[in-house]
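Chemist: What follows is a structure written as structure tokens; I'll ask about it next.
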Amino acid sequence: MQDLDKALADIVAIRSQIARDTAFRGLGAATVAGTGGLALACAVGQALWLGDPAARPVLFFGLWIAAALVAFALIGVEAVRRSRRLHSGLADAMVWNAIEVFLPAAGTGACLALVIARFAPAEIWMLPGLWQVLVGLGLFASARILPRAVQGVGAWYLLSGLAVLAISAESHALSPWAMGLPFLVGQSWLAGIIHRGARAFDDDL
């Protein structure tokens with residue numbers, strides 16, 4: 001029994017290592033691009049109907065958090081479906097590997113929002129820029145499972161986040177466009193990279 005348990009443990013370890021060294025193909029270009037469109041729609045809606053975001057910060061950030069959850073759900077559902085079709089027996093390991101890559105940045109963003117809202121509400125204007133910086137760091141980390149060109153998108157989010165922080169530092173203003181436009185550009189760029197990677201993969205088959 002000990003030999004059997006060791007053999008099974010070795011198989012799990014080998015599968016996990018293979019999953020870590022295999023390019024993740026669970027992301028779909030159309031869905032990723034759609035999340036950029038969702039960010040634009042949220043920005044347009046807030047610009048037209050929200051009024052002054054600084055006067056209603058809970059609604060401002062609540063809408064963006066809701067949009068992020070919808071985006072995560074769409075990407076997650078497609079990632080599971082595509083992984084089962086493209087990665088076969090490695091699907092579960094590949095999905096969990098991808099979650100491990102992105103979870104630190106996502107979890108840090110959620111914790112930052114809670115801490116700033118609770119203990120430093122006057123600094124809540126920093127969240128849009130900080131969130132973009134964290135997305136950039138998450139994409140840098142994902143370069144080992146996604147095409148290396150995603151580092152360019154990571155750099156975009158990092159620079160756009162820093163720019164938003166610098167621009168907002170004097171007025172402490174909240175703007176829907178400071179969220180919508182960077183995410184529209186970043187997600188569209190990411191979708192293009194995924195699409196080109198998928199075409200190159202199909203050509204190699």
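How things are named: the first chain in the structure tokens is A, the next is B, and so on; residues count from 1 in each chain; ligands count from 1 in the order shown.
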What lies within 9 Å of A:Cys42 using only C-alpha atoms, ignoring chain neighbours under 4 positions off, as a short mmCIF file (atom, residue, chain, number, x, y, z; two decimals) with C-alpha atoms, in the first residue's frame?

Modeler:
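And here is the file that came out, selection38.cif:
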```cif
data_model
loop_
_atom_site.label_atom_id
_atom_site.label_comp_id
_atom_site.auth_asym_id
_atom_site.auth_seq_id
_atom_site.Cartn_x
_atom_site.Cartn_y
_atom_site.Cartn_z
CA GLY A 37 -16.34 46.39 -23.58
CA LEU A 38 -17.96 45.84 -20.18
CA GLN A 46 -21.45 56.28 -14.79
CA ALA A 47 -20.47 59.35 -16.82
CA LEU A 63 -20.55 49.23 -9.87
CA TRP A 64 -16.91 48.59 -10.71
CA ALA A 67 -18.37 44.63 -13.29
CA PRO A 176 -15.20 56.70 -14.62
CA GLY A 180 -12.92 52.44 -18.23
#
```

Chemist: Fewer than 4 positions away in the same chain doesn't count, so skip those; otherwise give me all residues within 12 Å of A:Ala143, counting only C-alpha atoms, as a ChimeraX atom specification.

Modeler: /A:20-24,98,101-102,136-139,147-155,190,193

Chemist: Could you check the closest approach to A:Asn97 for each of A:Gly197, A:Val80, A:Ser171, A:Asp52 and tell me which residue wins, using only C-alpha atoms?

Modeler: A:Val80

Chemist: Report as a Markdown table the residues of stretch 144-173 of chain A within 6 Å of stretch 121-134 of chain A, each with its shortest atom pair and distance in Å (one decimal), using only C-alpha atoms, ordered by chain and increasing residue number.

Modeler:
```
| residue | atom | partner | partner_atom | distance |
| --- | --- | --- | --- | --- |
| A:Tyr157 | CA | A:Gln132 | CA | 5.2 |
| A:Leu158 | CA | A:Val133 | CA | 4.4 |
| A:Gly161 | CA | A:Gly129 | CA | 3.9 |
| A:Val164 | CA | A:Gly129 | CA | 5.2 |
| A:Leu165 | CA | A:Gly129 | CA | 5.2 |
| A:His172 | CA | A:Trp125 | CA | 5.5 |
```

Chemist: How about saving the chosen residues, all heavy atoms kept, as a compact mmCIF listing (two decimals), in the first residue's frame?

Modeler:
```
# COMPACT_ATOMS: atom_id res chain seq x y z
N TYR A 157 -0.82 48.30 -17.89
CA TYR A 157 -1.61 48.48 -16.67
C TYR A 157 -0.78 49.14 -15.57
O TYR A 157 -1.29 49.97 -14.81
CB TYR A 157 -2.18 47.15 -16.19
CG TYR A 157 -3.45 46.75 -16.88
CD1 TYR A 157 -3.51 45.61 -17.68
CD2 TYR A 157 -4.62 47.50 -16.72
CE1 TYR A 157 -4.69 45.24 -18.32
CE2 TYR A 157 -5.79 47.13 -17.35
CZ TYR A 157 -5.82 46.00 -18.14
OH TYR A 157 -7.00 45.64 -18.77
N LEU A 158 0.47 48.76 -15.47
CA LEU A 158 1.33 49.36 -14.45
C LEU A 158 1.49 50.86 -14.69
O LEU A 158 1.31 51.67 -13.78
CB LEU A 158 2.70 48.67 -14.47
CG LEU A 158 3.76 49.22 -13.52
CD1 LEU A 158 3.29 49.12 -12.07
CD2 LEU A 158 5.08 48.49 -13.71
N GLY A 161 -1.87 52.76 -14.26
CA GLY A 161 -2.19 52.91 -12.85
C GLY A 161 -1.39 54.01 -12.20
O GLY A 161 -1.92 54.83 -11.44
N VAL A 164 -2.73 57.35 -13.43
CA VAL A 164 -3.98 57.71 -12.76
C VAL A 164 -3.69 58.24 -11.36
O VAL A 164 -4.29 59.23 -10.92
CB VAL A 164 -4.93 56.49 -12.72
CG1 VAL A 164 -6.10 56.74 -11.76
CG2 VAL A 164 -5.45 56.19 -14.11
N LEU A 165 -2.79 57.59 -10.64
CA LEU A 165 -2.43 58.07 -9.30
C LEU A 165 -1.83 59.47 -9.37
O LEU A 165 -2.16 60.34 -8.54
CB LEU A 165 -1.44 57.10 -8.65
CG LEU A 165 -2.00 55.76 -8.18
CD1 LEU A 165 -0.87 54.82 -7.79
CD2 LEU A 165 -2.95 55.96 -7.01
N HIS A 172 -7.74 64.59 -5.97
CA HIS A 172 -8.38 63.43 -5.34
C HIS A 172 -9.72 63.09 -6.00
O HIS A 172 -10.62 62.57 -5.36
CB HIS A 172 -8.57 63.65 -3.84
CG HIS A 172 -7.30 63.72 -3.07
ND1 HIS A 172 -7.26 63.80 -1.70
CD2 HIS A 172 -5.99 63.71 -3.49
CE1 HIS A 172 -6.00 63.86 -1.30
NE2 HIS A 172 -5.22 63.81 -2.37
```
